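Trainee: Below is the file my_file-v2.csv, with CSV, C-alpha atoms.
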```csv
chain,number,residue,atom,x,y,z
A,1129,MET,CA,9.9,26.2,-5.8
A,1130,THR,CA,12.9,28.5,-6.5
A,1131,ALA,CA,15.2,26.7,-4.1
A,1132,LEU,CA,14.4,23.4,-5.8
A,1133,LYS,CA,15.4,24.8,-9.3
A,1134,LYS,CA,18.7,25.8,-7.8
A,1135,TYR,CA,19.6,22.3,-6.9
A,1136,ALA,CA,18.0,20.5,-9.9
A,1137,ARG,CA,21.3,19.2,-11.1
A,1138,LEU,CA,22.9,18.4,-7.8
A,1139,GLU,CA,23.8,14.7,-7.1
A,1140,ALA,CA,25.4,12.9,-4.3
A,1141,THR,CA,26.2,9.4,-3.2
A,1142,GLY,CA,24.8,7.9,0.0
A,1143,LEU,CA,23.9,4.7,1.8
A,1144,TRP,CA,20.2,3.6,1.6
A,1145,ARG,CA,18.2,0.7,3.0
A,1146,SER,CA,14.5,0.0,2.4
A,1147,GLY,CA,13.9,-1.6,5.8
A,1148,ALA,CA,15.4,-2.4,9.2
A,1149,GLU,CA,16.3,-5.9,8.1
A,1150,ASP,CA,17.9,-5.0,4.8
A,1151,GLN,CA,21.5,-4.4,4.0
A,1152,ARG,CA,22.6,-0.8,3.2
A,1153,ARG,CA,23.6,-0.2,-0.4
A,1154,GLU,CA,25.4,2.6,-2.2
A,1155,VAL,CA,23.0,4.9,-4.1
A,1156,ILE,CA,22.9,8.1,-6.1
A,1157,VAL,CA,20.7,10.9,-4.6
A,1158,SER,CA,19.2,13.7,-6.7
A,1159,PHE,CA,16.1,16.0,-6.8
A,1160,GLY,CA,13.0,15.3,-8.9
A,1161,ASP,CA,9.6,17.0,-9.1
A,1162,ALA,CA,9.1,17.8,-5.4
A,1163,THR,CA,10.8,14.5,-4.5
A,1164,LEU,CA,14.1,13.2,-3.4
A,1165,VAL,CA,15.1,10.5,-6.0
A,1166,ILE,CA,17.2,7.5,-4.9
A,1167,LYS,CA,18.8,5.4,-7.6
A,1168,ASP,CA,21.2,2.5,-7.8
A,1169,MET,CA,24.6,2.8,-9.4
A,1170,ASN,CA,22.9,1.6,-12.7
A,1171,ASP,CA,20.6,4.7,-12.7
A,1172,ARG,CA,17.5,2.6,-11.8
A,1173,ALA,CA,15.1,4.3,-9.5
A,1174,LEU,CA,14.8,2.6,-6.1
A,1175,ALA,CA,12.6,5.2,-4.2
A,1176,HIS,CA,11.0,8.6,-4.4
A,1177,TRP,CA,10.6,10.5,-1.2
A,1178,SER,CA,8.3,13.5,-1.0
A,1179,LEU,CA,10.4,16.5,0.1
A,1180,ALA,CA,7.5,17.5,2.3
A,1181,ALA,CA,7.8,14.2,4.2
A,1182,VAL,CA,11.6,14.0,4.5
A,1183,GLU,CA,12.6,13.8,8.2
A,1184,ARG,CA,16.1,14.0,9.8
A,1185,ALA,CA,16.8,11.5,12.5
A,1186,ASN,CA,19.9,13.2,13.9
A,1187,PRO,CA,19.7,17.0,13.5
A,1188,GLY,CA,23.1,18.7,13.5
A,1189,GLU,CA,25.1,15.5,13.4
A,1190,ARG,CA,27.2,14.0,10.7
A,1191,PRO,CA,26.8,11.7,8.8
A,1192,ALA,CA,23.3,13.0,8.2
A,1193,LEU,CA,20.6,10.3,8.5
A,1194,TYR,CA,17.2,10.8,6.8
A,1195,HIS,CA,14.0,8.8,6.6
A,1196,PRO,CA,10.5,9.4,5.1
A,1197,ASP,CA,7.8,10.6,7.6
A,1198,GLY,CA,6.2,7.6,9.3
A,1199,ASP,CA,8.7,5.1,8.1
A,1200,PRO,CA,11.9,5.3,10.2
A,1201,ASP,CA,13.1,1.9,9.1
A,1202,GLU,CA,13.8,3.2,5.6
A,1203,THR,CA,16.9,5.4,5.8
A,1204,LEU,CA,19.4,7.4,3.7
A,1205,GLU,CA,22.8,8.3,5.1
A,1206,LEU,CA,24.9,11.1,3.7
A,1207,THR,CA,28.5,11.5,4.9
A,1208,GLU,CA,30.5,14.6,5.7
A,1209,GLY,CA,31.8,14.6,2.1
A,1210,GLU,CA,28.3,15.3,0.8
A,1211,ALA,CA,27.9,18.5,2.7
A,1212,GLU,CA,26.5,20.3,-0.4
A,1213,MET,CA,23.6,17.8,-0.7
A,1214,ILE,CA,23.0,17.9,3.1
A,1215,GLU,CA,22.8,21.6,3.0
A,1216,ALA,CA,20.5,21.5,0.0
A,1217,ILE,CA,18.1,19.1,1.7
A,1218,GLU,CA,18.1,21.2,4.9
A,1219,THR,CA,17.4,24.4,2.9
A,1220,LEU,CA,14.5,22.8,1.1
A,1221,ARG,CA,13.1,21.3,4.4
A,1222,ARG,CA,13.3,24.8,5.9
A,1223,ALA,CA,11.5,26.3,2.9
A,1224,ILE,CA,8.8,23.7,3.1
A,1225,SER,CA,8.4,24.2,6.8
A,1226,ARG,CA,8.0,28.0,6.4
A,1227,ALA,CA,5.4,27.5,3.7
A,1228,ARG,CA,3.2,25.4,6.0
A,1229,PRO,CA,0.2,27.1,7.7
A,1230,ARG,CA,0.9,28.5,11.2
A,1231,PRO,CA,-1.6,29.3,13.9
A,1232,GLY,CA,-2.2,32.9,14.6
A,1233,ARG,CA,-3.2,36.0,12.8
A,1234,LEU,CA,-2.0,34.7,9.4
A,1235,ARG,CA,-4.2,31.6,9.6
A,1236,LEU,CA,-7.0,33.1,7.4
A,1237,ALA,CA,-4.6,34.5,4.8
A,1238,SER,CA,-2.7,31.2,4.7
A,1239,THR,CA,-6.0,29.3,4.3
A,1240,LEU,CA,-7.0,31.5,1.4
A,1241,VAL,CA,-3.7,31.0,-0.3
A,1242,ILE,CA,-3.9,27.3,0.0
A,1243,VAL,CA,-7.5,27.3,-1.3
A,1244,GLY,CA,-6.3,29.4,-4.3
A,1245,LEU,CA,-3.5,26.9,-5.0
A,1246,LEU,CA,-5.9,24.0,-4.8
A,1247,LEU,CA,-8.2,25.7,-7.2
A,1248,ALA,CA,-5.3,26.4,-9.6
A,1249,LEU,CA,-4.3,22.7,-9.4
A,1250,LEU,CA,-7.9,21.6,-10.1
A,1251,LEU,CA,-8.1,23.9,-13.2
A,1252,PHE,CA,-4.8,23.1,-14.8
A,1253,TRP,CA,-4.2,19.4,-13.9
A,1254,LEU,CA,-6.1,16.7,-15.5
A,1255,PRO,CA,-7.6,14.4,-12.8
A,1256,GLY,CA,-5.7,11.4,-14.1
A,1257,ALA,CA,-2.4,13.2,-14.0
A,1258,LEU,CA,-3.0,14.5,-10.6
A,1259,ARG,CA,-4.0,11.0,-9.4
A,1260,ASP,CA,-0.8,9.5,-10.9
A,1261,HIS,CA,1.3,12.2,-9.2
A,1262,THR,CA,-0.3,11.5,-5.8
A,1263,LEU,CA,0.2,7.8,-6.1
A,1264,ARG,CA,3.9,8.2,-6.7
A,1265,LEU,CA,4.3,10.3,-3.6
A,1266,VAL,CA,2.2,8.3,-1.1
A,1267,PRO,CA,4.6,6.1,1.0
A,1268,PRO,CA,3.8,2.5,2.0
A,1269,ALA,CA,3.3,3.6,5.6
A,1270,LYS,CA,0.5,6.0,4.6
A,1271,ARG,CA,-1.1,3.4,2.3
A,1272,ALA,CA,-1.1,1.0,5.3
A,1273,GLU,CA,-2.7,3.7,7.5
A,1274,ILE,CA,-5.5,4.3,4.9
A,1275,GLY,CA,-6.1,0.6,4.7
A,1276,GLY,CA,-6.4,0.3,8.4
A,1277,ALA,CA,-8.8,3.2,8.6
A,1278,LEU,CA,-11.0,1.5,5.9
A,1279,LEU,CA,-10.8,-1.8,7.9
A,1280,GLU,CA,-12.1,-0.1,11.0
A,1281,ARG,CA,-15.1,1.2,9.1
A,1282,ILE,CA,-15.8,-2.2,7.4
A,1283,GLU,CA,-15.7,-3.8,10.9
A,1284,ARG,CA,-18.7,-1.5,11.9
A,1285,LEU,CA,-20.7,-3.4,9.2
A,1286,SER,CA,-19.2,-6.9,9.5
A,1287,GLY,CA,-18.3,-7.0,13.2
A,1288,PRO,CA,-14.8,-6.9,14.6
A,1289,ARG,CA,-12.1,-9.1,13.1
A,1290,CYS,CA,-11.8,-12.5,14.5
A,1291,ALA,CA,-8.8,-12.8,16.9
A,1292,ASP,CA,-8.8,-16.2,18.7
A,1293,PRO,CA,-5.0,-16.6,19.6
A,1294,GLY,CA,-4.6,-20.1,18.1
A,1295,GLY,CA,-6.4,-19.2,15.0
A,1296,THR,CA,-4.4,-16.0,14.6
A,1297,ALA,CA,-1.2,-17.9,14.8
A,1298,ALA,CA,-2.4,-20.3,12.2
A,1299,LEU,CA,-3.5,-17.4,10.0
A,1300,GLY,CA,0.1,-16.1,10.2
A,1301,LEU,CA,1.4,-19.4,9.0
A,1302,LEU,CA,-0.9,-19.3,6.0
A,1303,SER,CA,0.2,-15.8,5.2
A,1304,LEU,CA,3.8,-16.8,5.3
A,1305,ARG,CA,3.1,-19.8,3.1
A,1306,LEU,CA,1.4,-17.6,0.5
A,1307,LYS,CA,3.5,-14.5,1.0
A,1308,ALA,CA,0.2,-12.7,1.5
A,1309,GLY,CA,1.2,-10.0,3.9
A,1310,ARG,CA,-1.5,-8.8,6.3
A,1311,LEU,CA,-4.7,-11.0,6.5
A,1312,ALA,CA,-7.8,-10.5,8.6
A,1313,ILE,CA,-10.9,-12.7,9.0
A,1314,LEU,CA,-14.2,-11.0,9.6
A,1315,PRO,CA,-17.4,-12.6,10.9
A,1316,ASP,CA,-19.8,-11.1,8.3
A,1317,LEU,CA,-18.0,-9.5,5.4
A,1318,THR,CA,-21.0,-9.6,3.0
A,1319,ARG,CA,-18.6,-11.0,0.3
A,1320,ASP,CA,-16.0,-13.8,0.3
A,1321,SER,CA,-12.9,-11.6,0.1
A,1322,LEU,CA,-11.6,-8.1,-0.3
A,1323,HIS,CA,-8.3,-6.2,-0.5
A,1324,LEU,CA,-7.4,-2.8,0.8
A,1325,PRO,CA,-4.6,-0.3,0.4
A,1326,GLY,CA,-1.4,-1.2,2.3
A,1327,GLY,CA,-1.4,-4.9,1.4
A,1328,LEU,CA,-4.4,-5.9,3.6
A,1329,ILE,CA,-6.6,-8.8,2.5
A,1330,LEU,CA,-9.9,-9.6,4.2
A,1331,LEU,CA,-11.7,-13.0,4.2
A,1332,ASP,CA,-15.2,-13.8,5.4
A,1333,ARG,CA,-15.3,-16.6,8.0
A,1334,ALA,CA,-17.4,-18.8,5.7
A,1335,VAL,CA,-14.4,-19.2,3.4
A,1336,LEU,CA,-12.8,-21.1,6.3
A,1337,GLU,CA,-15.7,-22.7,8.0
A,1338,ASP,CA,-17.6,-24.0,5.0
A,1339,PHE,CA,-14.8,-26.1,3.5
A,1340,GLU,CA,-12.8,-29.1,4.5
A,1341,GLU,CA,-9.3,-27.8,3.4
A,1342,PRO,CA,-7.5,-24.5,3.4
A,1343,ASP,CA,-6.9,-24.5,-0.4
A,1344,VAL,CA,-10.2,-22.7,-0.9
A,1345,ALA,CA,-9.2,-19.8,1.4
A,1346,ALA,CA,-5.8,-19.8,-0.2
A,1347,GLY,CA,-7.5,-19.5,-3.6
A,1348,TYR,CA,-9.4,-16.4,-2.4
A,1349,ILE,CA,-6.2,-14.9,-1.2
A,1350,ARG,CA,-4.5,-15.6,-4.5
A,1351,ALA,CA,-7.5,-14.0,-6.3
A,1352,GLU,CA,-7.2,-10.8,-4.2
A,1353,GLN,CA,-3.4,-10.7,-4.9
A,1354,THR,CA,-4.2,-10.9,-8.6
A,1355,ARG,CA,-6.7,-8.1,-8.5
A,1356,ARG,CA,-4.4,-6.0,-6.5
A,1357,ALA,CA,-1.6,-6.5,-9.0
A,1358,ALA,CA,-3.9,-5.4,-11.8
A,1359,ARG,CA,-5.5,-2.4,-10.1
A,1360,ASP,CA,-3.9,-0.4,-7.4
A,1361,PRO,CA,-6.5,-0.2,-4.6
A,1362,LEU,CA,-5.5,3.3,-3.6
A,1363,ARG,CA,-6.0,4.4,-7.2
A,1364,ASP,CA,-9.5,3.0,-7.1
A,1365,LEU,CA,-10.2,4.9,-3.8
A,1366,LEU,CA,-8.9,8.2,-5.3
A,1367,ARG,CA,-10.9,7.7,-8.5
A,1368,TRP,CA,-14.1,6.9,-6.6
A,1369,SER,CA,-13.7,9.7,-4.0
A,1370,GLY,CA,-13.0,12.4,-6.6
A,1371,PRO,CA,-10.3,15.2,-7.2
A,1372,TRP,CA,-11.0,17.1,-4.0
A,1373,GLN,CA,-10.0,14.1,-1.8
A,1374,ASN,CA,-7.1,13.5,-4.1
A,1375,LEU,CA,-5.9,17.1,-3.5
A,1376,ARG,CA,-6.5,16.7,0.2
A,1377,LEU,CA,-4.3,13.6,0.4
A,1378,LEU,CA,-1.6,15.3,-1.7
A,1379,THR,CA,-1.5,18.4,0.4
A,1380,THR,CA,-2.3,17.3,3.9
A,1381,GLY,CA,-1.5,13.6,3.9
A,1382,ASP,CA,-5.1,12.6,5.0
A,1383,LEU,CA,-8.5,11.8,3.5
A,1384,ALA,CA,-11.7,13.1,5.0
A,1385,PRO,CA,-13.4,10.7,7.5
A,1386,GLU,CA,-16.7,11.0,5.6
A,1387,ALA,CA,-15.0,10.0,2.4
A,1388,LEU,CA,-13.5,6.9,4.1
A,1389,ASP,CA,-17.0,6.1,5.6
A,1390,ALA,CA,-18.6,6.2,2.1
A,1391,TYR,CA,-15.9,4.2,0.4
A,1392,ALA,CA,-16.0,1.5,3.0
A,1393,ALA,CA,-19.8,1.1,2.4
A,1394,HIS,CA,-19.1,1.1,-1.3
A,1395,LEU,CA,-16.5,-1.7,-1.0
A,1396,ALA,CA,-19.0,-3.9,1.0
A,1397,THR,CA,-21.6,-4.0,-1.8
A,1398,ALA,CA,-20.2,-2.8,-5.1
A,1399,PRO,CA,-19.6,-5.4,-7.9
A,1400,ARG,CA,-16.0,-6.1,-8.8
A,1401,PRO,CA,-14.3,-7.4,-12.0
A,1402,PRO,CA,-13.2,-11.0,-11.7
A,1403,ALA,CA,-9.5,-11.8,-11.3
A,1404,ASP,CA,-7.8,-12.4,-14.7
A,1405,THR,CA,-7.8,-16.2,-15.1
A,1406,THR,CA,-4.4,-16.5,-16.8
A,1407,ALA,CA,-2.7,-14.3,-14.1
A,1408,LEU,CA,-4.5,-16.2,-11.4
A,1409,LEU,CA,-3.4,-19.6,-12.6
A,1410,GLU,CA,0.2,-18.3,-12.8
A,1411,ARG,CA,0.0,-17.4,-9.1
A,1412,PHE,CA,-1.4,-20.9,-8.3
A,1413,SER,CA,1.5,-22.4,-10.2
A,1414,LYS,CA,4.2,-20.3,-8.4
A,1415,ALA,CA,2.8,-21.3,-5.1
A,1416,ALA,CA,2.4,-25.0,-6.1
A,1417,LEU,CA,-1.2,-24.6,-5.2
A,1418,ARG,CA,-4.3,-26.4,-6.6
A,1419,SER,CA,-6.8,-24.2,-8.3
A,1420,THR,CA,-9.6,-26.8,-8.5
A,1421,PRO,CA,-10.7,-26.6,-4.8
A,1422,TYR,CA,-11.0,-22.8,-5.1
A,1423,ALA,CA,-13.0,-23.2,-8.4
A,1424,TYR,CA,-15.5,-25.6,-6.8
A,1425,GLY,CA,-15.6,-23.4,-3.7
A,1426,ARG,CA,-16.8,-20.5,-5.9
A,1427,ASP,CA,-19.2,-22.6,-7.9
A,1428,ILE,CA,-20.1,-26.1,-6.7
A,1429,THR,CA,-21.1,-27.1,-10.3
A,1430,GLY,CA,-17.8,-25.9,-11.7
A,1431,GLU,CA,-19.6,-24.4,-14.7
A,1432,SER,CA,-18.6,-20.8,-14.2
A,1433,THR,CA,-15.1,-21.7,-13.1
A,1434,LEU,CA,-14.2,-24.4,-15.6
A,1435,PRO,CA,-11.0,-22.7,-16.9
A,1436,LEU,CA,-9.6,-22.9,-13.3
A,1437,ILE,CA,-10.4,-26.6,-13.2
A,1438,GLU,CA,-9.1,-27.4,-16.6
A,1439,GLY,CA,-6.0,-25.2,-16.1
A,1440,ASP,CA,-5.1,-26.5,-12.7
A,1441,PRO,CA,-1.3,-26.4,-12.7
A,1442,MET,CA,-1.1,-29.0,-9.9
A,1443,ALA,CA,-3.6,-31.5,-11.5
A,1444,GLY,CA,-2.4,-35.0,-11.0
A,1445,LYS,CA,0.6,-33.9,-8.9
A,1446,LEU,CA,1.3,-34.4,-5.2
A,1447,THR,CA,1.3,-31.1,-3.3
A,1448,GLU,CA,2.5,-30.1,0.2
A,1449,PRO,CA,-0.3,-29.4,2.7
A,1450,LEU,CA,-0.8,-25.7,3.2
A,1451,LEU,CA,-1.3,-26.3,7.0
A,1452,SER,CA,-1.2,-29.2,9.4
A,1453,ASP,CA,-4.6,-30.6,10.4
A,1454,ALA,CA,-4.2,-29.1,13.8
A,1455,ASN,CA,-3.5,-25.6,12.5
A,1456,TRP,CA,-6.3,-25.8,10.0
A,1457,LEU,CA,-8.7,-26.6,12.8
A,1458,ARG,CA,-7.4,-23.7,14.8
A,1459,LEU,CA,-7.8,-21.4,11.8
A,1460,GLN,CA,-11.4,-22.6,11.2
A,1461,ASN,CA,-12.1,-21.7,14.8
A,1462,ILE,CA,-10.5,-18.2,14.7
A,1463,CYS,CA,-14.0,-16.6,15.1
A,1464,GLY,CA,-14.8,-18.8,18.1
A,1465,GLY,CA,-16.5,-21.7,16.3
```
Let me see whether you can do it: turn the structure in this file into structure tokens.

Mentor:
Amino acid sequence: MTALKKYARLEATGLWRSGAEDQRREVIVSFGDATLVIKDMNDRALAHWSLAAVERANPGERPALYHPDGDPDETLELTEGEAEMIEAIETLRRAISRARPRPGRLRLASTLVIVGLLLALLLFWLPGALRDHTLRLVPPAKRAEIGGALLERIERLSGPRCADPGGTAALGLLSLRLKAGRLAILPDLTRDSLHLPGGLILLDRAVLEDFEEPDVAAGYIRAEQTRRAARDPLRDLLRWSGPWQNLRLLTTGDLAPEALDAYAAHLATAPRPPADTTALLERFSKAALRSTPYAYGRDITGESTLPLIEGDPMAGKLTEPLLSDANWLRLQNICGG
């Protein structure tokens, strides 16, 4: 983009926050490869916003307030003194807006141009490089949206997620204790646990109902967190669905419904690599959580999970209960008993 080259060396200072509850901090703003780059005062990157997804919350007003599309809680404020940067961002936003397809007589021509660009990208970019580029640009809100779409499709196979109010409240307490983010319990998941893009972890109801303590379920959650840290679930989705879906996500912000349908079915049955034992034990240790109950939950003989038993970081130590007995009973009945 010619306009982007013009502003390649432009920098400005601003106030940025990553969420509604976070403090604003002074940052340096510059332009990258089709992105708005936000760095701290030590030149460490804090965020990359796709220029195509930059939205202005207060058009025509100063100071200018920007946020990524779909995530209004993350904001960047540029004061009147940074007028050159504000004008540059607005110029690029207008250029991107003009380049987007418009309904009408030019629709066919625009479609042909886009197809040509997509073919050129496919020919000249290696699939891995294209995938890496896409992953850098997909914001957390879009990852969560993709994860939610996959969950809806998995629910068609497993039944809708369990939602007893008391059990849901207890599940929230377990999530807070383990810093696990979004959790969902499904009545017939076909496997013990699973994780999806956007920080969503799924558990089968048997992980709760078949054991006398919540430590087993906590172990499955820790295992999914370990897998997620080792392999980005969105990367796995893009690798499995192929370059055309990668290009579609990069250019339109969406994946084809049929691709999501097929990948959800794949997740329900495909074998997965085990979580790395060393990394998993480190997570048990940080949470002051016993690994032995999880090990026997996976294999009642303990033969295949012996390293988790022998390496239990809490062996012989007193540990805090994960949940009260009352909340554990509520969680066990989240699917209605």

Trainee: Under the rule that all atoms listed in the file are counted, which of A:Arg1172, A:Arg1284, A:Arg1271, A:Arg1190 is the nearest residue to Leu1377 in chain A?

Mentor: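 Residue with the minimum atom-to-atom distance to Leu1377 in chain A: A:Arg1271.
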
Trainee: From the list A:Arg1310, A:Arg1281, A:Arg1259, A:Arg1145, which residue is nearest Asp1389 in chain A when using only C-alpha atoms?

Mentor: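 Checking each candidate against Asp1389 in chain A, we get A:Arg1281 as the closest.
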
Trainee: Using all atoms listed in the file, which residues sit within 10 Å of range 1197-1200 of chain A once same-chain residues fewer than 5 positions away are excluded, as a list in words?

Mentor: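 Final neighbour list, sorted by chain and number: Ser1146, Gly1147, Ala1148, Trp1177, Ser1178, Leu1179, Ala1180, Ala1181, Val1182, Glu1183, Arg1184, Ala1185, Pro1267, Pro1268, Ala1269, Lys1270 and Glu1273 of chain A.
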
Trainee: Considering all atoms listed in the file, return as a PyMOL selection string whatever protein or nucleic-acid residues lie within 12 Å of Arg1411 in chain A, sequence-local ones (same chain, fewer than 5 positions apart) excluded.

Mentor: chain A and resi 1306-1308+1346-1355+1357+1403-1406+1416-1419+1436+1440-1442

Trainee: So, counting only C-alpha atoms, which residue among A:Ile1313, A:Pro1361, A:Thr1239, A:Pro1196 is closest to Gly1300 in chain A?

Mentor: A:Ile1313

Trainee: Using all atoms listed in the file, which of the listed residues (A:Ala1387, A:Arg1137, A:Thr1433, A:Asp1150) sits closest to Arg1367 in chain A?

Mentor: A:Ala1387

Trainee: List the neighbours of Gly1209 in chain A out to 12 Å using all atoms listed in the file; skip same-chain residues closer than 6 positions along the sequence, and give me the result as a PDB file with C-alpha atoms, in the coordinates of the input.

Mentor:
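File result-v3.pdb, as written:
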```pdb
ATOM      1  CA  ALA A1140      25.400  12.900  -4.300  1.00  0.00           C
ATOM      2  CA  THR A1141      26.200   9.400  -3.200  1.00  0.00           C
ATOM      3  CA  GLY A1142      24.800   7.900   0.000  1.00  0.00           C
ATOM      4  CA  ARG A1190      27.200  14.000  10.700  1.00  0.00           C
ATOM      5  CA  PRO A1191      26.800  11.700   8.800  1.00  0.00           C
ATOM      6  CA  ALA A1192      23.300  13.000   8.200  1.00  0.00           C
ATOM      7  CA  GLU A1215      22.800  21.600   3.000  1.00  0.00           C
TER       8      GLU A1215
END
```

Trainee: For each of A:Gly1188, A:Pro1342, A:Gly1295, A:Pro1288, take the minimum atom-to-atom distance to Leu1317 in chain A, counting all atoms listed in the file, then give the residue where this is smallest.

Mentor: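 Closest candidate: A:Pro1288.
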
Trainee: Which protein, DNA or RNA residues are at most 12 Å from (-17.1, -27.0, -6.4) in the file's coordinates when you count all atoms listed in the file, listed as a PDB file with C-alpha atoms, keeping the file's coordinate frame?

Mentor:
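To be explicit, this is the file written out as selection07.pdb:
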```pdb
ATOM      1  CA  ASP A1338     -17.600 -24.000   5.000  1.00  0.00           C
ATOM      2  CA  PHE A1339     -14.800 -26.100   3.500  1.00  0.00           C
ATOM      3  CA  GLU A1340     -12.800 -29.100   4.500  1.00  0.00           C
ATOM      4  CA  VAL A1344     -10.200 -22.700  -0.900  1.00  0.00           C
ATOM      5  CA  SER A1419      -6.800 -24.200  -8.300  1.00  0.00           C
ATOM      6  CA  THR A1420      -9.600 -26.800  -8.500  1.00  0.00           C
ATOM      7  CA  PRO A1421     -10.700 -26.600  -4.800  1.00  0.00           C
ATOM      8  CA  TYR A1422     -11.000 -22.800  -5.100  1.00  0.00           C
ATOM      9  CA  ALA A1423     -13.000 -23.200  -8.400  1.00  0.00           C
ATOM     10  CA  TYR A1424     -15.500 -25.600  -6.800  1.00  0.00           C
ATOM     11  CA  GLY A1425     -15.600 -23.400  -3.700  1.00  0.00           C
ATOM     12  CA  ARG A1426     -16.800 -20.500  -5.900  1.00  0.00           C
ATOM     13  CA  ASP A1427     -19.200 -22.600  -7.900  1.00  0.00           C
ATOM     14  CA  ILE A1428     -20.100 -26.100  -6.700  1.00  0.00           C
ATOM     15  CA  THR A1429     -21.100 -27.100 -10.300  1.00  0.00           C
ATOM     16  CA  GLY A1430     -17.800 -25.900 -11.700  1.00  0.00           C
ATOM     17  CA  GLU A1431     -19.600 -24.400 -14.700  1.00  0.00           C
ATOM     18  CA  SER A1432     -18.600 -20.800 -14.200  1.00  0.00           C
ATOM     19  CA  THR A1433     -15.100 -21.700 -13.100  1.00  0.00           C
ATOM     20  CA  LEU A1434     -14.200 -24.400 -15.600  1.00  0.00           C
ATOM     21  CA  LEU A1436      -9.600 -22.900 -13.300  1.00  0.00           C
ATOM     22  CA  ILE A1437     -10.400 -26.600 -13.200  1.00  0.00           C
TER      23      ILE A1437
END
```

Trainee: Which residue is closest to Leu1408 in chain A? Choose from A:Ala1358, A:Ala1396, A:Ile1156, A:Leu1302 and count all atoms listed in the file.

Mentor: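 Checking each candidate against Leu1408 in chain A, we get A:Ala1358 as the closest.
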
Trainee: Quick one: everything within 9 Å of Leu1362 in chain A, counting only C-alpha atoms, minus sequence neighbours fewer than 4 positions away in the same chain. Send it as a ChimeraX atom specification.

Mentor: /A:1263,1271,1274-1275,1324-1326,1366-1367
